[in-house]
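Novice: My structure is below; once you've seen it, I'll send some questions.
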Amino acid sequence: MRAGSCSRPFKKRIRIGEEAHIPVHIYHLKAAGQDNWPLMSKAIALIQSARDRGVDVSADIYPYIRNGIGLGSFIHPKQYAGGTDAFLPTLSDAKLRAEMRKEIETTSNWENWYQHVGKNWDNVLVVQVPAKVDKRFEGKSVQEIAGLRNADVWDTFFYLVQQGGVDVDPKSMNEEQKQQALRAPFVSIGSDAEPMNPATSTYAHPRTFGTFPRILAKYVREEKVISLETAIREMTSLPANQLKLWNRGRVAPGFAADIVLFDPAKVADTATFAKPLSYSVGMEYVLINGKLAIDRGQPTGVLAGKVIRANR
Amino acid sequence: MHHRRTHFLFCVAALVLLLSATTAHAQGTTTDTYDYDVVIRGGRVLDGAGNPCIFADVAIKDGRFVKIGKIAGHGRTEIDAHGRYVSPGWIDMMDQSGPPLLKNGLAENKLMEGVTSAIGGEGGTPVPAEQIRDYWATLEKNGISLNFGSYFSETQARVAVLGYDARQPTPEELDKMKAILDTAMQNGAMGMTTALIYPPSSYATTPELIEMAKVVAKYGGIYASHMRGEGKELVQSVDELIEIAEKGGLPGEVFHFKAAYSPGWGKLMQEAGAHIDAARARGVDVAADLYVYTAGGTGLEATIPSWAHEGGQEALIKRLGDPEIRARLKKEMIAGSPGWWNIIEASGGWQNVILVNAQNPDNARFQGRSIADIAKELKKDPADVAFDLEMQGKTGRVLAIYHMMSEQDIETALKFPWTSIGSDAGTALTLGGDDALGLPHPRSYGNFPRVIARYVRETHTLTLEDAIRKMTSWPATRMRIADRGIIREGIWADAVIFDYDKIQDRSTYDQPDVTPDGIDFVLVNGQIVIDHGKHTGARPGKILYGPGFSR
């Protein structure tokens, strides 16, 4: 999405659905960037009005206010026109650094993540660095790393970008927009994450391990943003209905037995940005197509999943 | 090369033309080549689970939804639903059609307001426990336009063993009552009801009801009740229902949830709801249904303290002829009487009790007027007027409407996630006639459309998807009807197709028997019962057997 014009890509996507007569689904609905936070309510109203006039638009969210991105994305994409490998070595040049800093600080006609985080390097959490970089930097903000290096924060930023492969989780969203989205009836839950084994991984966005329990722990139990039944609906029958998976998403005779048994008082995500490789708790049993995939909290190793084929 | 390719494409095109011509021809002449019985095209499909609509075609075959999405094939009947909503059929959680369905299976007032399934039996089945299977068979043989299930009343068992005595059963008598209820459950009753403001139901104590409820629990049935008091004692009454559900080990359903006591408006409903929330939180499966009118309707005899009813209607009439008893009753109608819910007080006085059916041509001129107003004209005490009217009823139960609830409380109740919708009305014997109780109340024709017209479109109390959930999947889930109440492939095709902008209840207290607008099509088990707003005469309804039933 473009900074300051969050509704434009929406309108475009809605138009695609309207003119092609197809349902449109918006991935990880968010208003990224402090200046754009107020746009979430506008985006939701825009989707609702499209729905009212007959366009089948829906969306999903992940329940975290930080996204995950490479630190290199903080530089204008046009700088990479000649390829990343050619570009990174040029970053040693002080004059180029000064030009790029000016571009980052003063222009906004691109996805400017520095402005999205309120021009505050403390909001940019470094979560993974390549082997050649000091491991202590992981879990620290760019501002904090500058302190550790006893260096200027902009020089630290360019240094880190130049190393390549530095991943950050910028605090680009706010809680209010998550609450607004969760309360919208057409918003379901999606993790935006891949399967992962903590034993063989080094870093992940915590959404990889905690998305669904976090909805129940934070937004239902603790903050009471939505009711338990609404949360469950947004994670079951709503996506099933949108995806036209008629035999899933409901506990009833004849339906595929995909079931989660959880303790509503205990269910919680434990993965954090500082320590993301951590399983959620409180999911006592998970059944997939009638077979136990999680038994008393432990994975059984049973591979009962089926490929879901679109049949229409 | 180029030339040959063009030629090949031409051949393909010709083949396609030929094939499509053949297909079109086949569809025009034989019925066997239709892919589906009915296809509903282009509607906004509300699944009933509380989800917002999807935009899809719905195909029906052999009574069930078989495909939802983009439907390429054709239906024998095609329904254009563009600009309309397609909802699962609406389920009336508190229906009074048990007896009249035997006389009028078409149930026009129900179908025309979108009701495709009804759960009757506040007063039980119209036949004794051992005859329930015959009752089902008769309904099936005559044919019914909607699906129908019924509770058995605890009071039926009580009367069979104790008559109209105001006492507790002995252990032996209780065993007999339990055996009767057991038979009813095996014959397909949904569960057990009470109507605890009415004698002799009101004679039943909480421990008796818990013991009886355990019989129902054994089969996975449900306990539903017109509670002991719905006015200032609402919260205690809800607590009693929760206790019966909890100790009986079964779900409990509050019939027509209301706060009928003007000093308690805005408070009692919240408090009663909090008690249900707390019970649900600790694992008691309690919920409620309601009709969406601020007036209730029942017999005028409800204004008379319970003890005077002992022995039945004849005994009551005899007592009402005794001036000394009248004097005592009048005192109690002000001061209260044990085991009696003071519906006059709940209504805020006789000016809010409206005679609607005198059951006597001589008194018909008083219909539509309050008891206070009639008393003024006759220069009599209003209580005497009520006694006289009750005594003079000839053709059936003398009926009144009681204005005793507030709009605010209806909205509060609708917002509880566990409330569903029930009309408390029965099938009318004729289209445009009163419901079979003879009670002209607008809920008989307008209850379900009113939920959408008033509480979704006008007051925004509910979202459309949530209102639909309360009329479809939630009552189906409550009643353990797994194959209805939702639009999914494989589920029975009960559906309502309505125009959101036009849907409107038109029945009023002055003109209660008027059908609503905006409901274009109603399907029951895949058959069209309401077609462009008119009843087709189809009777595709099935019996909704309770959990204890086996063939």
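Within each chain, counting starts at residue 1; across the structure tokens, chains are named A, B, ... in the order shown, with ligands numbered 1 upward in that order.
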Taking 5 positions as the minimum chain separation for residues in the same chain, which residues sit within 9 Å of A:Val142 when counting only C-alpha atoms? Answer as a PyMOL selection string.
Specialist: chain A and resi 121-126+137+147+153-154+156-157+160
Novice: List every residue of chain A that has an atom at most 10 Å from any atom of chain B, and for each one report the closest atom pair and its distance in Å to one decimal, counting only C-alpha atoms, with rows sorted by chain and then by increasing residue number, as JSON lines.
Specialist:
```
{"residue": "A:His21", "atom": "CA", "partner": "B:Phe55", "partner_atom": "CA", "distance": 9.5}
{"residue": "A:Ile22", "atom": "CA", "partner": "B:Phe55", "partner_atom": "CA", "distance": 8.9}
{"residue": "A:Pro23", "atom": "CA", "partner": "B:Phe55", "partner_atom": "CA", "distance": 7.9}
{"residue": "A:Arg51", "atom": "CA", "partner": "B:Cys53", "partner_atom": "CA", "distance": 8.6}
{"residue": "A:Asp52", "atom": "CA", "partner": "B:Cys53", "partner_atom": "CA", "distance": 9.9}
{"residue": "A:Arg53", "atom": "CA", "partner": "B:Gly83", "partner_atom": "CA", "distance": 9.0}
{"residue": "A:Gly54", "atom": "CA", "partner": "B:Phe55", "partner_atom": "CA", "distance": 7.4}
{"residue": "A:Val55", "atom": "CA", "partner": "B:Phe55", "partner_atom": "CA", "distance": 7.7}
{"residue": "A:Asp56", "atom": "CA", "partner": "B:Phe55", "partner_atom": "CA", "distance": 6.1}
{"residue": "A:Val57", "atom": "CA", "partner": "B:Ile54", "partner_atom": "CA", "distance": 8.7}
{"residue": "A:Ser58", "atom": "CA", "partner": "B:Pro52", "partner_atom": "CA", "distance": 9.3}
{"residue": "A:Ala184", "atom": "CA", "partner": "B:Pro52", "partner_atom": "CA", "distance": 9.8}
{"residue": "A:Pro185", "atom": "CA", "partner": "B:Pro52", "partner_atom": "CA", "distance": 6.4}
{"residue": "A:Phe186", "atom": "CA", "partner": "B:Pro52", "partner_atom": "CA", "distance": 6.1}
{"residue": "A:Val187", "atom": "CA", "partner": "B:Pro52", "partner_atom": "CA", "distance": 9.7}
{"residue": "A:Ser227", "atom": "CA", "partner": "B:Pro417", "partner_atom": "CA", "distance": 9.1}
{"residue": "A:Glu229", "atom": "CA", "partner": "B:Pro417", "partner_atom": "CA", "distance": 8.8}
{"residue": "A:Thr230", "atom": "CA", "partner": "B:Gly50", "partner_atom": "CA", "distance": 8.6}
{"residue": "A:Arg233", "atom": "CA", "partner": "B:Asn51", "partner_atom": "CA", "distance": 7.7}
{"residue": "A:Glu234", "atom": "CA", "partner": "B:Asn51", "partner_atom": "CA", "distance": 8.5}
{"residue": "A:Ser237", "atom": "CA", "partner": "B:Ala49", "partner_atom": "CA", "distance": 7.1}
{"residue": "A:Leu238", "atom": "CA", "partner": "B:Asn51", "partner_atom": "CA", "distance": 5.7}
{"residue": "A:Pro239", "atom": "CA", "partner": "B:Asn51", "partner_atom": "CA", "distance": 9.2}
{"residue": "A:Asn241", "atom": "CA", "partner": "B:Asp47", "partner_atom": "CA", "distance": 7.5}
{"residue": "A:Gln242", "atom": "CA", "partner": "B:Ile54", "partner_atom": "CA", "distance": 6.7}
{"residue": "A:Leu243", "atom": "CA", "partner": "B:Ile54", "partner_atom": "CA", "distance": 9.8}
{"residue": "A:Lys244", "atom": "CA", "partner": "B:Gly69", "partner_atom": "CA", "distance": 7.3}
{"residue": "A:Leu245", "atom": "CA", "partner": "B:Arg488", "partner_atom": "CA", "distance": 8.9}
{"residue": "A:Trp246", "atom": "CA", "partner": "B:Arg488", "partner_atom": "CA", "distance": 5.5}
{"residue": "A:Asn247", "atom": "CA", "partner": "B:Glu489", "partner_atom": "CA", "distance": 7.6}
{"residue": "A:Arg248", "atom": "CA", "partner": "B:Arg488", "partner_atom": "CA", "distance": 9.7}
{"residue": "A:Arg250", "atom": "CA", "partner": "B:Ala49", "partner_atom": "CA", "distance": 9.1}
{"residue": "A:Val251", "atom": "CA", "partner": "B:Ala482", "partner_atom": "CA", "distance": 9.2}
{"residue": "A:Ala252", "atom": "CA", "partner": "B:Ala482", "partner_atom": "CA", "distance": 6.0}
{"residue": "A:Pro253", "atom": "CA", "partner": "B:Ala482", "partner_atom": "CA", "distance": 6.5}
{"residue": "A:Gly254", "atom": "CA", "partner": "B:Gly490", "partner_atom": "CA", "distance": 8.4}
{"residue": "A:Phe255", "atom": "CA", "partner": "B:Gly490", "partner_atom": "CA", "distance": 9.6}
{"residue": "A:Arg312", "atom": "CA", "partner": "B:Lys70", "partner_atom": "CA", "distance": 7.0}
```
Novice: Write the residues you've just listed into a file as a short mmCIF file (atom, residue, chain, number, x, y, z; two decimals), in the first residue's frame, and include N, CA and C atoms for each of them.
Specialist:
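Result file follows (result39.cif):
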```cif
data_model
loop_
_atom_site.label_atom_id
_atom_site.label_comp_id
_atom_site.auth_asym_id
_atom_site.auth_seq_id
_atom_site.Cartn_x
_atom_site.Cartn_y
_atom_site.Cartn_z
N HIS A 21 -16.86 -9.70 -11.51
CA HIS A 21 -17.89 -10.48 -10.81
C HIS A 21 -17.29 -11.66 -10.06
N ILE A 22 -16.26 -11.37 -9.30
CA ILE A 22 -15.65 -12.43 -8.49
C ILE A 22 -15.48 -11.91 -7.06
N PRO A 23 -15.46 -12.82 -6.09
CA PRO A 23 -15.19 -12.39 -4.73
C PRO A 23 -13.75 -11.87 -4.61
N ARG A 51 -19.74 -4.18 -0.16
CA ARG A 51 -20.58 -5.35 0.11
C ARG A 51 -22.06 -4.98 -0.04
N ASP A 52 -22.40 -3.81 0.48
CA ASP A 52 -23.81 -3.39 0.42
C ASP A 52 -24.30 -3.27 -1.02
N ARG A 53 -23.40 -2.88 -1.93
CA ARG A 53 -23.88 -2.76 -3.30
C ARG A 53 -23.64 -4.04 -4.10
N GLY A 54 -23.20 -5.09 -3.43
CA GLY A 54 -23.18 -6.39 -4.08
C GLY A 54 -21.84 -6.93 -4.51
N VAL A 55 -20.76 -6.35 -4.01
CA VAL A 55 -19.44 -6.91 -4.31
C VAL A 55 -19.00 -7.75 -3.11
N ASP A 56 -18.58 -8.97 -3.40
CA ASP A 56 -18.26 -9.91 -2.34
C ASP A 56 -16.82 -9.69 -1.87
N VAL A 57 -16.63 -8.77 -0.94
CA VAL A 57 -15.29 -8.42 -0.46
C VAL A 57 -15.15 -8.89 0.99
N SER A 58 -14.01 -9.48 1.30
CA SER A 58 -13.74 -9.88 2.67
C SER A 58 -12.25 -9.64 2.95
N ALA A 184 -15.23 -6.12 12.68
CA ALA A 184 -15.91 -6.13 11.38
C ALA A 184 -16.35 -7.57 11.08
N PRO A 185 -17.61 -7.76 10.70
CA PRO A 185 -18.12 -9.13 10.58
C PRO A 185 -17.48 -9.96 9.46
N PHE A 186 -16.85 -9.29 8.50
CA PHE A 186 -16.30 -10.02 7.35
C PHE A 186 -14.80 -10.29 7.48
N VAL A 187 -14.23 -10.03 8.63
CA VAL A 187 -12.79 -10.21 8.80
C VAL A 187 -12.50 -11.55 9.48
N SER A 227 -16.48 -11.34 21.43
CA SER A 227 -16.90 -12.48 22.25
C SER A 227 -16.18 -13.74 21.77
N GLU A 229 -17.53 -16.55 20.97
CA GLU A 229 -18.19 -17.16 19.81
C GLU A 229 -17.91 -16.39 18.52
N THR A 230 -17.77 -15.08 18.62
CA THR A 230 -17.41 -14.31 17.43
C THR A 230 -16.00 -14.66 16.97
N ARG A 233 -16.08 -17.97 15.34
CA ARG A 233 -16.70 -17.83 14.01
C ARG A 233 -15.70 -17.28 13.01
N GLU A 234 -14.91 -16.30 13.43
CA GLU A 234 -13.95 -15.69 12.51
C GLU A 234 -12.80 -16.64 12.15
N SER A 237 -16.32 -20.93 10.74
CA SER A 237 -17.37 -20.94 9.71
C SER A 237 -17.24 -19.77 8.73
N LEU A 238 -16.70 -18.65 9.18
CA LEU A 238 -16.55 -17.51 8.26
C LEU A 238 -15.59 -17.83 7.11
N PRO A 239 -14.34 -18.25 7.40
CA PRO A 239 -13.48 -18.58 6.26
C PRO A 239 -14.01 -19.77 5.45
N ASN A 241 -17.08 -20.52 4.86
CA ASN A 241 -18.16 -20.00 4.03
C ASN A 241 -17.59 -19.20 2.86
N GLN A 242 -16.58 -18.39 3.13
CA GLN A 242 -16.01 -17.57 2.07
C GLN A 242 -15.28 -18.41 1.04
N LEU A 243 -14.62 -19.47 1.53
CA LEU A 243 -13.86 -20.33 0.62
C LEU A 243 -14.72 -21.44 0.03
N LYS A 244 -16.00 -21.49 0.46
CA LYS A 244 -16.94 -22.51 -0.01
C LYS A 244 -16.46 -23.93 0.32
N LEU A 245 -15.93 -24.04 1.53
CA LEU A 245 -15.56 -25.37 2.04
C LEU A 245 -16.74 -25.87 2.86
N TRP A 246 -17.68 -26.52 2.17
CA TRP A 246 -18.97 -26.78 2.81
C TRP A 246 -18.91 -27.83 3.89
N ASN A 247 -17.89 -28.65 3.91
CA ASN A 247 -17.88 -29.71 4.91
C ASN A 247 -16.93 -29.43 6.07
N ARG A 248 -16.53 -28.17 6.21
CA ARG A 248 -15.63 -27.83 7.33
C ARG A 248 -16.11 -26.57 8.03
N ARG A 250 -17.48 -26.30 11.09
CA ARG A 250 -18.68 -26.42 11.90
C ARG A 250 -18.67 -27.77 12.60
N VAL A 251 -19.07 -27.79 13.86
CA VAL A 251 -19.18 -29.06 14.57
C VAL A 251 -20.60 -29.57 14.38
N ALA A 252 -20.76 -30.53 13.49
CA ALA A 252 -22.09 -31.08 13.23
C ALA A 252 -21.92 -32.42 12.53
N PRO A 253 -22.91 -33.30 12.69
CA PRO A 253 -22.84 -34.60 12.02
C PRO A 253 -22.65 -34.42 10.51
N GLY A 254 -21.80 -35.23 9.94
CA GLY A 254 -21.59 -35.19 8.50
C GLY A 254 -20.45 -34.29 8.06
N PHE A 255 -19.98 -33.44 8.96
CA PHE A 255 -18.88 -32.54 8.60
C PHE A 255 -17.54 -33.19 8.92
N ARG A 312 -15.04 -25.93 -8.06
CA ARG A 312 -16.09 -25.20 -8.80
C ARG A 312 -15.47 -23.96 -9.41
#
```
Novice: Which residues come within 10 Å of B:Pro100, counting only C-alpha atoms, excluding same-chain residues fewer than 2 positions away, as a list of chain:residue names?
Specialist: B:Gln96, B:Ser97, B:Gly98, B:Leu102, B:Lys103, B:Asn104, B:Gly105, B:Ala107, B:Pro126, B:Gly426, B:Thr427, B:Ala428, B:Leu429, B:Asp435, B:Ala436, B:Leu437
Novice: With a distance cut-off of 6 Å and only C-alpha atoms, select the neighbouring residues of stretch 205-221 of chain A, excluding the residue or stretch itself and same-chain residues fewer than 3 positions from it, and output the selection as a PyMOL selection string.
Specialist: chain A and resi 191+193+224-228+267-269+271-273+276+279-280
Novice: Can those selected residues be exported to a file as a PDB file, in the first residue's frame so that it contains N, CA and C atoms?
Specialist:
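The resulting file, part.pdb, is shown below:
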```
ATOM      1  N   SER A 191      -2.575 -16.155   9.383  1.00  0.00           N
ATOM      2  CA  SER A 191      -1.301 -15.955  10.087  1.00  0.00           C
ATOM      3  C   SER A 191      -0.251 -15.260   9.231  1.00  0.00           C
ATOM      4  N   ALA A 193       1.968 -16.856   7.810  1.00  0.00           N
ATOM      5  CA  ALA A 193       3.189 -17.544   8.245  1.00  0.00           C
ATOM      6  C   ALA A 193       3.259 -18.936   7.635  1.00  0.00           C
ATOM      7  N   LYS A 224     -11.404  -8.370  25.884  1.00  0.00           N
ATOM      8  CA  LYS A 224     -12.845  -8.455  25.585  1.00  0.00           C
ATOM      9  C   LYS A 224     -13.247  -7.602  24.377  1.00  0.00           C
ATOM     10  N   VAL A 225     -12.418  -7.634  23.377  1.00  0.00           N
ATOM     11  CA  VAL A 225     -12.713  -6.878  22.152  1.00  0.00           C
ATOM     12  C   VAL A 225     -13.865  -7.543  21.404  1.00  0.00           C
ATOM     13  N   ILE A 226     -13.836  -8.871  21.330  1.00  0.00           N
ATOM     14  CA  ILE A 226     -14.936  -9.625  20.711  1.00  0.00           C
ATOM     15  C   ILE A 226     -15.287 -10.794  21.623  1.00  0.00           C
ATOM     16  N   SER A 227     -16.481 -11.339  21.429  1.00  0.00           N
ATOM     17  CA  SER A 227     -16.896 -12.476  22.252  1.00  0.00           C
ATOM     18  C   SER A 227     -16.182 -13.743  21.767  1.00  0.00           C
ATOM     19  N   LEU A 228     -16.183 -14.739  22.632  1.00  0.00           N
ATOM     20  CA  LEU A 228     -15.543 -16.005  22.266  1.00  0.00           C
ATOM     21  C   LEU A 228     -16.205 -16.596  21.020  1.00  0.00           C
ATOM     22  N   VAL A 267      -5.725 -20.932  27.314  1.00  0.00           N
ATOM     23  CA  VAL A 267      -5.179 -20.831  25.957  1.00  0.00           C
ATOM     24  C   VAL A 267      -4.434 -19.503  25.795  1.00  0.00           C
ATOM     25  N   ALA A 268      -3.213 -19.590  25.274  1.00  0.00           N
ATOM     26  CA  ALA A 268      -2.397 -18.368  25.135  1.00  0.00           C
ATOM     27  C   ALA A 268      -1.263 -18.592  24.156  1.00  0.00           C
ATOM     28  N   ASP A 269      -0.858 -17.505  23.518  1.00  0.00           N
ATOM     29  CA  ASP A 269       0.353 -17.512  22.714  1.00  0.00           C
ATOM     30  C   ASP A 269       1.531 -17.252  23.657  1.00  0.00           C
ATOM     31  N   ALA A 271       4.793 -17.040  22.045  1.00  0.00           N
ATOM     32  CA  ALA A 271       5.816 -16.482  21.150  1.00  0.00           C
ATOM     33  C   ALA A 271       5.809 -14.957  21.233  1.00  0.00           C
ATOM     34  N   THR A 272       6.981 -14.368  21.407  1.00  0.00           N
ATOM     35  CA  THR A 272       7.097 -12.910  21.437  1.00  0.00           C
ATOM     36  C   THR A 272       8.096 -12.486  20.370  1.00  0.00           C
ATOM     37  N   PHE A 273       8.212 -11.201  20.144  1.00  0.00           N
ATOM     38  CA  PHE A 273       9.197 -10.737  19.163  1.00  0.00           C
ATOM     39  C   PHE A 273      10.610 -11.038  19.637  1.00  0.00           C
ATOM     40  N   PRO A 276      10.490 -15.700  19.685  1.00  0.00           N
ATOM     41  CA  PRO A 276       9.337 -16.099  18.867  1.00  0.00           C
ATOM     42  C   PRO A 276       9.169 -17.603  18.680  1.00  0.00           C
ATOM     43  N   TYR A 279       5.939 -22.513  21.216  1.00  0.00           N
ATOM     44  CA  TYR A 279       4.576 -22.988  20.947  1.00  0.00           C
ATOM     45  C   TYR A 279       3.555 -22.323  21.861  1.00  0.00           C
ATOM     46  N   SER A 280       2.342 -22.262  21.388  1.00  0.00           N
ATOM     47  CA  SER A 280       1.237 -21.764  22.204  1.00  0.00           C
ATOM     48  C   SER A 280       0.838 -22.824  23.219  1.00  0.00           C
TER      49      SER A 280
END
```
Novice: Apply DSSP to the backbone of this structure and, from stretch 22-223 of chain B, keep only the residues in strand (DSSP E or B); write these as a PyMOL selection string.
Specialist: chain B and resi 36-45+54-61+64-69+75-80+85-88+90-95+115-120+144+147-150+152-153+191-195+222-223
Novice: Residues near stretch 291-296 of chain A, anyone? I mean within 12 Å using only C-alpha atoms, not counting same-chain ones fewer than 5 positions away, as a list of chain:residue names.
Specialist: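 Skipping anything fewer than 5 positions along the chain leaves A:Ala256, A:Ala257, A:Asp258, A:Ile259, A:Val260, A:Leu261, A:Phe262, A:Asp263, A:Val281, A:Gly282, A:Met283, A:Glu284, A:Tyr285, A:Val286, A:Gly301, A:Val302, A:Leu303, A:Ala304, A:Gly305, A:Lys306.
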Novice: List as a count of residues only the protein and nucleic acid residues near B:Glu411, meaning an atom at most 12 Å away when only C-alpha atoms are counted, but skip any in the same chain fewer than 6 places from it.
Specialist: 25
Novice: Within 12 Å of B:Met212, counting only C-alpha atoms, which residues show up once you throw out same-chain ones fewer than 4 positions away? Write them as a ChimeraX atom specification, please.
Specialist: /B:152-158,169,171,173-182,185,191-194,204-208,216-218,221-223,244-245,247-250
